[in-house]
Amino acid sequence: MILHIDMDAFFASVEQRDNPELRNKPVVICSDTQRAVVSTASYEARRFGIHSAMPLFQARQRCRHLVVVPVDMEKYARVSRQIMAVISGFSPLVEPVSIDEAYADVTGCKTLFGPPEAIAMQIKQKILTDLSLTCSIGIAPVKFLAKIASDMHKPDGLTHISKEQMPAVLKELPIEKIPGVGNRAMKQMGVLNIRTLGDVQRFDAQFLSRKLGKFGARLFQLSCGIDASRVQPRALRKSISSETTLAADISDFHEAKDILLAHSRRVGRDLRKKNLVCRSVSIKITFSDFTRITRSRKIDEPICSGEAIFHLALSLFEQVPLKKRIRLLGVGVSHLQSADAPVQMALIPPAGHRRKKQWETVDRAVDSIFEKFGRDMVAPAVLKPLTAKPLAKGGKMTQSMKVLISGKVQGVFFRMETLKAAQKIGVTGYVRNRADRSVEAVFQGTPDQVAQMEKWCHTGAPASRVDRVVTEDMPSAPDFSAFEIRY
């Protein structure tokens with residue numbers, strides 16, 4: 001039997017767990033900007049009809065007292081690893097499919113932990129006890145049905161579809177519940193008068209293949225309760241991507257080029273972190289009228305350098321006629337493989353091979369700097385405009401930097417210690433608490449002084465716990481006469 005474990009409103013639940021003030025309130029996780037899109041909505045927010053991928057302005061129209069919490073992917077990834085560790089304690093066959101869901105094959109685990117339903121209850125209880133989070137679990141003989149079952153009684157649900165129950169469940173299962181049936185497929189289903197998975201059996205596999213391609217043959221198999229896919233504990237990721245819904249629509253080529261470069265570097269960094277290389281690069285563009293296009297290109301030699309990904313993404317972008325303004329821009333890579341996989345070497349290296357290897361070396365060196373000092377320490381000049389300006393006295397240079405500190409940091413003691421450190425080092429600016437339980441500080445001084453204060457933030461005051469430090473440049477920061485605590 002196969003279990004599908006799906007966390008309930010994962011991002012929002014983590015924030016509500018960590019911040020008691022958010023409990024029982026309608027919460028959405030996303031950036032608080034005009035063009036933001038909801039990443040996750042708490043169940044309190046869902047009662048107002050708010051859901052993932054909804055524009056934030058629409059969510060606010062539906063709920064006037066909506067609480068917006070910024071995304072903290074590092075924290076969610078850390079909690080996700082803890083969840084996967086709990087599941088792995090009950091089965092060696094665990095396949096994470098996203099940050100908040102996983103499959104587990106519990107065949108053969110009955111002797112140790114009991115029947116599948118008992119195992120599911122133990123997993124739910126341990127996640128609740130250890131992490132104070134709830135999940136919904138579906139149990140079925142096949143993967144696709146386990147995933148559907150986990151969604152039947154959310155939140156905190158447990159649904160078991162036995163082998164004997166499968167024929168009846170499959171017959172009445174709405175066709176839109178089947179993974180892979182999207183809007184285009186639903187139009188074809190309407191033409192064929194297919195409303196449930198049981199309706200599929202009115203047709204043979206050859207007919208469905210002619211109408212729906214490869215998916216038609218798979219759909220016929222699913223209608224018969226056949227799913228050959230197995231739980232793969234170390235399944236290789238199929239793709240990695242990074243995209244941005246822009247604060248305002250753009251049409252300037254150079255501005256779009258800078259965005260492509262930032263996304264390419266981010267994707268390349270993710271590839272190297274996972275020790276992967278790619279053989280295909282793609283771009284995604286959503287225009288101001290919400291029409292969307294994608295373009296991709298396969299390459300002969302696998303790459304992981306942000307520079308190489310950028311040049312391929314840029315060449316794809318240059319082929320797109322820009323007749324409308326751009327709302328969203330993204331870069332993705334696919335056809336992934338391990339960086340350690342053997343590759344057939346060419347007798348004569350292709351053009352640019354040496355340059356590609358040089359950029360990979362540079363990128364890996366920058367990765368090491370990121371790991372030690374943070375992501376904002378090094379960036380291409382085009383992505384990191386200079387913020388230094390001459391002071392009136394002595395001709396020295398001054399720099400302004402905003403720092404957001406997350407963790408166990410909100411308290412009078414932490415702000416007082418920040419003030420003491422700032423006065424000792426000689427920077428001006430301020431420190432204050434934020435509504436999202438983080439601390440915001442602005443430091444202004446020479447680049448060396450600002451660097452010292454940023455380094456201090458990573459450690460923090462005694463008895464505090466710093467989980468995350470994010471820095472932002474402030475090109476138009478005012479001149480501060482002293483360092484102060486703001487309320």
# chains A, B, ... in the order shown; residues from 1 in each chain; ligands from 1
>>> residues_around(residues="Met453 (chain A)", least_positions_apart="3", cutoff="12 Å", atoms="only C-alpha atoms", output="count of residues only")
37
>>> atom_distance(atom1="CA of Val97 (chain A)", atom2="CA of Gly138 (chain A)")
14.7 Å
>>> select_by_dssp(residues="region 57-216 of chain A", states="alpha helix (DSSP H)", output="PyMOL selection string")
chain A and resi 57-62+73-88+110-113+116-131+143-150+166-172+183-191+205-212+214-216
>>> closest_residue(among="A:Gly330, A:Gly114, A:Pro70, A:Gly411", to="Phe90 (chain A)", atoms="only C-alpha atoms")
A:Gly114
>>> residues_around(residues="Val181 (chain A)", least_positions_apart="6", cutoff="10 Å", atoms="only C-alpha atoms", output="PyMOL selection string")
chain A and resi 175+187+189+215+219
>>> residues_around(residues="Glu101 (chain A)", least_positions_apart="3", cutoff="6 Å", atoms="only C-alpha atoms", output="list of chain:residue names")
A:Ile5, A:Asp6, A:Val97, A:Ser98
>>> write_last_selection(atoms="C-alpha atoms", output="compact mmCIF listing (two decimals), in the first residue's frame")
# COMPACT_ATOMS: atom_id res chain seq x y z
CA ILE A 5 1.27 12.69 2.94
CA ASP A 6 0.17 16.27 2.21
CA VAL A 97 7.50 15.35 -4.55
CA SER A 98 7.46 18.92 -3.24
>>> atom_distance(atom1="CA of Lys154 (chain A)", atom2="CA of Gln82 (chain A)")
21.4 Å
>>> residues_around(residues="Gln125 (chain A)", least_positions_apart="6", cutoff="10 Å", atoms="only C-alpha atoms", output="JSON, numbers by chain")
{"A": [119, 131, 132, 133, 134, 135]}
>>> residues_around(residues="region 34-42 of chain A", least_positions_apart="2", cutoff="7 Å", atoms="only C-alpha atoms", output="list of chain:residue names")
A:Ala9, A:Phe11, A:Ala12, A:Ser13, A:Pro26, A:Val27, A:Val28, A:Ile29, A:Cys30, A:Ser31, A:Asp32, A:Glu44, A:Ala45, A:Arg46, A:Ile50, A:His51, A:Ser52, A:Ala53, A:Met54, A:Pro55, A:Leu56, A:Phe57, A:Thr245, A:Leu246, A:Ala247
>>> select_by_dssp(residues="region 402-438 of chain A", states="strand (DSSP E)", output="list of chain:residue names")
A:Lys402, A:Val403, A:Leu404, A:Ile405, A:Ser406, A:Gly407, A:Lys408, A:Thr428, A:Gly429, A:Tyr430, A:Val431, A:Arg432, A:Asn433
>>> closest_residue(among="A:Ile226, A:Ala118, A:Ala339, A:Leu66", to="Lys273 (chain A)", atoms="only C-alpha atoms")
A:Ala339
>>> residues_around(residues="region 294-297 of chain A", least_positions_apart="5", cutoff="6 Å", atoms="only C-alpha atoms", output="list of chain:residue names")
A:Ser280, A:Val281, A:Ser282, A:Ile283, A:Lys284
>>> atom_distance(atom1="CA of Ser88 (chain A)", atom2="CA of Pro115 (chain A)")
16.5 Å
